[in-house]
file upload.csv (CSV, C-alpha atoms)
chain,number,residue,atom,x,y,z
A,11,MET,CA,66.8,126.7,131.0
A,12,ALA,CA,65.4,127.3,127.5
A,13,GLN,CA,67.5,126.3,124.5
A,14,ASP,CA,68.7,129.1,122.3
A,15,PHE,CA,68.6,127.8,118.7
A,16,GLU,CA,70.7,129.9,116.3
A,17,ARG,CA,71.7,129.7,112.6
A,18,SER,CA,74.5,130.8,110.4
A,19,TYR,CA,74.2,130.9,106.6
A,20,ALA,CA,77.1,131.5,104.2
A,21,SER,CA,76.6,132.0,100.4
A,22,SER,CA,79.4,131.3,97.9
A,23,ILE,CA,82.0,130.1,100.3
A,24,SER,CA,85.7,130.4,99.8
A,25,ASN,CA,87.7,128.2,97.5
A,26,SER,CA,90.9,128.5,99.6
A,27,SER,CA,92.0,126.2,102.4
A,28,GLY,CA,94.3,129.0,103.4
A,29,SER,CA,91.4,131.4,103.9
A,30,PRO,CA,88.2,129.4,104.5
A,31,THR,CA,84.8,131.1,105.1
A,32,THR,CA,84.1,131.5,108.9
A,33,LEU,CA,80.7,130.1,109.7
A,34,VAL,CA,80.5,130.2,113.5
A,35,THR,CA,82.8,131.6,116.2
A,36,SER,CA,81.7,130.2,119.5
A,37,ASN,CA,81.5,132.5,122.5
A,38,SER,CA,80.3,129.7,124.9
A,39,ASP,CA,79.7,125.9,124.9
A,40,ASP,CA,77.6,125.4,121.8
A,41,ALA,CA,76.2,122.3,120.1
A,42,LEU,CA,76.3,122.1,116.3
A,43,ILE,CA,73.1,120.2,115.3
A,44,SER,CA,73.2,120.6,111.5
A,45,ILE,CA,75.8,121.5,108.8
A,46,ARG,CA,74.4,121.3,105.2
A,47,LEU,CA,76.5,122.1,102.2
A,48,VAL,CA,74.7,122.8,99.0
A,49,ASN,CA,76.2,122.7,95.5
A,50,LYS,CA,74.8,125.5,93.3
A,51,HIS,CA,77.5,125.0,90.6
A,52,THR,CA,77.1,123.3,87.2
A,53,ALA,CA,79.7,120.6,88.1
A,54,LEU,CA,80.6,118.4,91.1
A,55,VAL,CA,82.2,120.3,94.0
A,56,ASN,CA,84.5,119.0,96.7
A,57,VAL,CA,83.9,120.6,100.1
A,58,SER,CA,85.8,120.7,103.4
A,59,VAL,CA,84.6,121.8,106.9
A,60,VAL,CA,87.1,122.4,109.8
A,61,ILE,CA,87.1,123.5,113.4
A,62,THR,CA,89.9,125.6,114.7
A,63,SER,CA,90.5,125.2,118.4
A,64,GLY,CA,93.5,126.6,120.3
A,65,GLY,CA,95.5,127.1,117.2
A,66,THR,CA,94.9,123.5,115.8
A,67,THR,CA,92.7,122.8,112.9
A,68,TYR,CA,90.5,119.6,113.0
A,69,ASN,CA,88.7,118.2,109.9
A,70,VAL,CA,85.0,117.6,110.3
A,71,ILE,CA,85.0,116.4,106.6
A,72,LYS,CA,87.7,116.8,103.9
A,73,ASP,CA,87.2,117.0,100.2
A,74,ALA,CA,83.8,115.4,100.2
A,75,PRO,CA,82.0,115.4,96.8
A,76,VAL,CA,78.7,117.2,96.5
A,77,PRO,CA,76.9,116.4,93.2
A,78,VAL,CA,75.4,119.0,90.9
A,79,GLY,CA,72.2,120.3,92.5
A,80,GLY,CA,72.8,118.2,95.6
A,81,SER,CA,73.5,118.7,99.2
A,82,LEU,CA,75.5,117.0,101.9
A,83,GLU,CA,74.3,116.9,105.5
A,84,LEU,CA,77.2,116.4,108.0
A,85,ILE,CA,75.2,115.9,111.2
A,86,ASP,CA,72.2,113.6,111.3
A,87,SER,CA,70.3,111.1,113.4
A,88,GLY,CA,70.5,113.3,116.5
A,89,SER,CA,74.3,113.5,116.5
A,90,LYS,CA,75.9,116.7,117.7
A,91,ILE,CA,79.4,118.3,117.7
A,92,VAL,CA,80.2,120.4,120.8
A,93,ILE,CA,82.4,123.5,120.3
A,94,GLN,CA,83.7,125.6,123.1
A,95,SER,CA,84.4,129.3,123.6
A,96,GLY,CA,87.0,130.5,121.0
A,97,ASP,CA,86.4,127.5,118.6
A,98,VAL,CA,85.8,128.5,115.0
A,99,LEU,CA,83.8,126.5,112.4
A,100,LYS,CA,85.0,127.2,108.8
A,101,ALA,CA,84.4,125.8,105.3
A,102,TYR,CA,85.8,125.9,101.8
A,103,ALA,CA,85.2,124.3,98.4
A,104,ASP,CA,87.4,123.5,95.5
A,105,THR,CA,85.5,125.9,93.2
A,106,ALA,CA,84.9,129.6,93.9
A,107,SER,CA,81.3,130.7,94.6
A,108,ALA,CA,80.0,127.1,94.1
A,109,CYS,CA,78.6,126.2,97.5
A,110,ASP,CA,76.4,127.6,100.2
A,111,VAL,CA,76.5,126.4,103.8
A,112,LEU,CA,73.6,126.3,106.3
A,113,VAL,CA,74.5,125.7,110.0
A,114,SER,CA,72.1,125.3,112.9
A,115,PHE,CA,73.4,125.2,116.5
A,116,VAL,CA,72.3,125.5,120.1
A,117,ASP,CA,74.0,128.5,121.8
A,118,THR,CA,75.2,128.3,125.4
A,119,ILE,CA,74.4,124.6,126.2
A,120,SER,CA,75.8,125.1,129.7
A,121,SER,CA,76.5,128.0,131.9
call {"tool": "encode", "arguments": {"input": "upload.csv", "output": "structure tokens"}}
result
Amino acid sequence: MAQDFERSYASSISNSSGSPTTLVTSNSDDALISIRLVNKHTALVNVSVVITSGGTTYNVIKDAPVPVGGSLELIDSGSKIVIQSGDVLKAYADTASACDVLVSFVDTISS
């Protein structure tokens, strides 16, 4: 079975933990292979990424600092995070419109 590589990009993510920006809504068993947060603001930005599954929210990273002009890669060295059907990957920052997020994932890793 060929792997189906997908991506999701979000520009200027939310600055509200109560209303984070949705990045990926899984419709199958998927493998997150890269999550990169990019600070495009003129000051340090703190970012958080969460997965909501079955009504519970799990932190992937919480309030991580990203320096001016810098980026933060959350998955590296071949690591993966598996999400299942109905799971939702979301992100928010402490400053409005200060951060972009780039996500790469393999869709439908099992059938």
call {"tool": "residues_around", "arguments": {"input": "upload.csv", "residues": "Ile71 of chain A", "least_positions_apart": "2", "cutoff": "8 Å", "atoms": "only C-alpha atoms", "output": "ChimeraX atom specification"}}
result
/A:57-60,69,73-74,84
call {"tool": "atom_distance", "arguments": {"input": "upload.csv", "atom1": "atom CA of Leu54 of chain A", "atom2": "atom CA of Ser87 of chain A"}}
result
25.6 Å
call {"tool": "residues_around", "arguments": {"input": "upload.csv", "residues": "segment 100-113 of chain A", "least_positions_apart": "4", "cutoff": "10 Å", "atoms": "only C-alpha atoms", "output": "MDAnalysis selection string"}}
result
chainID A and resid 16:35 42:62 67 69:76 78 81:85
call {"tool": "closest_residue", "arguments": {"input": "upload.csv", "among": "A:Asp86, A:Val116, A:Gly64, A:Pro77", "to": "Val98 of chain A", "atoms": "all atoms listed in the file"}}
result
A:Gly64
call {"tool": "atom_distance", "arguments": {"input": "upload.csv", "atom1": "atom CA of Tyr68 of chain A", "atom2": "atom CA of Phe15 of chain A"}}
result
24.1 Å
call {"tool": "residues_around", "arguments": {"input": "upload.csv", "residues": "segment 39-41 of chain A", "least_positions_apart": "6", "cutoff": "9 Å", "atoms": "all atoms listed in the file", "output": "JSON, numbers by chain"}}
result
{"A": [90, 91, 92, 93, 94, 95, 114, 115, 116, 117, 118, 119, 120, 121]}
call {"tool": "decode", "arguments": {"input": "upload.csv", "residues": "chain A", "atoms": "C-alpha atoms", "output": "CSV table (one decimal), in the first residue's frame"}}
result
chain,number,residue,atom,x,y,z
A,11,MET,CA,0.0,0.0,0.0
A,12,ALA,CA,1.4,3.4,-1.0
A,13,GLN,CA,1.7,6.0,1.7
A,14,ASP,CA,-0.5,9.1,1.3
A,15,PHE,CA,1.5,12.1,2.5
A,16,GLU,CA,-0.6,15.1,3.3
A,17,ARG,CA,-0.1,18.6,4.7
A,18,SER,CA,-2.0,21.3,6.6
A,19,TYR,CA,-0.8,24.9,6.8
A,20,ALA,CA,-2.3,27.5,9.1
A,21,SER,CA,-1.3,31.2,8.9
A,22,SER,CA,-1.7,33.6,11.9
A,23,ILE,CA,-3.1,31.1,14.4
A,24,SER,CA,-5.5,31.9,17.2
A,25,ASN,CA,-4.3,33.5,20.4
A,26,SER,CA,-7.1,31.8,22.4
A,27,SER,CA,-6.8,28.5,24.3
A,28,GLY,CA,-10.6,28.5,24.3
A,29,SER,CA,-10.8,28.7,20.6
A,30,PRO,CA,-7.5,27.2,19.1
A,31,THR,CA,-6.9,26.9,15.4
A,32,THR,CA,-7.8,23.5,14.0
A,33,LEU,CA,-4.9,22.0,12.0
A,34,VAL,CA,-5.9,18.4,11.3
A,35,THR,CA,-9.2,16.5,11.9
A,36,SER,CA,-8.4,12.8,11.4
A,37,ASN,CA,-10.8,10.6,9.4
A,38,SER,CA,-8.7,7.5,9.8
A,39,ASP,CA,-5.5,6.3,11.6
A,40,ASP,CA,-2.9,8.9,10.7
A,41,ALA,CA,0.7,9.5,11.6
A,42,LEU,CA,1.9,13.1,12.3
A,43,ILE,CA,5.4,13.3,11.0
A,44,SER,CA,6.2,17.0,11.4
A,45,ILE,CA,4.7,20.0,13.3
A,46,ARG,CA,6.6,23.2,12.8
A,47,LEU,CA,5.6,26.5,14.5
A,48,VAL,CA,7.1,29.7,13.0
A,49,ASN,CA,7.3,33.0,14.8
A,50,LYS,CA,6.6,35.9,12.3
A,51,HIS,CA,6.1,38.5,15.1
A,52,THR,CA,8.6,41.1,16.3
A,53,ALA,CA,8.8,39.6,19.8
A,54,LEU,CA,9.1,36.2,21.4
A,55,VAL,CA,5.8,34.1,21.1
A,56,ASN,CA,4.7,31.2,23.4
A,57,VAL,CA,2.9,28.5,21.5
A,58,SER,CA,0.8,25.4,22.5
A,59,VAL,CA,-0.3,22.4,20.5
A,60,VAL,CA,-3.0,20.0,21.6
A,61,ILE,CA,-4.8,16.9,20.5
A,62,THR,CA,-8.5,16.5,21.4
A,63,SER,CA,-9.7,12.9,21.5
A,64,GLY,CA,-13.0,11.7,22.8
A,65,GLY,CA,-13.7,15.0,24.6
A,66,THR,CA,-10.3,15.1,26.4
A,67,THR,CA,-7.6,17.5,25.4
A,68,TYR,CA,-4.0,16.4,25.6
A,69,ASN,CA,-1.0,18.7,25.4
A,70,VAL,CA,1.6,18.0,22.7
A,71,ILE,CA,3.5,21.1,24.0
A,72,LYS,CA,2.4,23.9,26.2
A,73,ASP,CA,3.6,27.5,26.3
A,74,ALA,CA,6.8,26.8,24.4
A,75,PRO,CA,8.8,29.9,23.5
A,76,VAL,CA,9.6,30.6,19.9
A,77,PRO,CA,12.2,33.4,19.4
A,78,VAL,CA,11.8,36.2,16.9
A,79,GLY,CA,12.4,34.9,13.4
A,80,GLY,CA,12.7,31.4,14.7
A,81,SER,CA,10.8,28.1,14.5
A,82,LEU,CA,10.1,25.1,16.7
A,83,GLU,CA,10.0,21.6,15.3
A,84,LEU,CA,7.9,19.3,17.5
A,85,ILE,CA,8.5,16.0,15.8
A,86,ASP,CA,12.0,15.0,14.8
A,87,SER,CA,14.5,12.1,14.4
A,88,GLY,CA,11.9,9.8,12.8
A,89,SER,CA,9.4,10.2,15.7
A,90,LYS,CA,5.7,10.1,15.0
A,91,ILE,CA,2.4,10.8,16.8
A,92,VAL,CA,-0.5,8.6,15.8
A,93,ILE,CA,-4.0,10.1,15.8
A,94,GLN,CA,-7.1,8.1,15.2
A,95,SER,CA,-10.5,8.9,13.5
A,96,GLY,CA,-12.1,11.9,15.2
A,97,ASP,CA,-9.0,13.2,16.8
A,98,VAL,CA,-8.3,16.9,16.2
A,99,LEU,CA,-4.9,18.6,16.2
A,100,LYS,CA,-5.1,22.3,17.3
A,101,ALA,CA,-2.7,25.1,18.1
A,102,TYR,CA,-2.7,28.6,19.6
A,103,ALA,CA,-0.2,31.3,20.6
A,104,ASP,CA,-0.1,34.0,23.2
A,105,THR,CA,-0.1,36.7,20.6
A,106,ALA,CA,-2.7,37.1,17.8
A,107,SER,CA,-1.5,36.6,14.2
A,108,ALA,CA,2.1,36.0,15.4
A,109,CYS,CA,2.6,32.4,14.4
A,110,ASP,CA,2.2,30.1,11.4
A,111,VAL,CA,2.0,26.3,11.7
A,112,LEU,CA,3.1,23.7,9.1
A,113,VAL,CA,2.0,20.1,9.6
A,114,SER,CA,2.9,17.0,7.6
A,115,PHE,CA,1.2,13.6,8.1
A,116,VAL,CA,0.6,10.3,6.6
A,117,ASP,CA,-3.1,9.7,5.9
A,118,THR,CA,-4.7,6.3,6.5
A,119,ILE,CA,-1.7,4.4,7.9
A,120,SER,CA,-3.8,1.2,8.3
A,121,SER,CA,-7.1,0.0,6.8
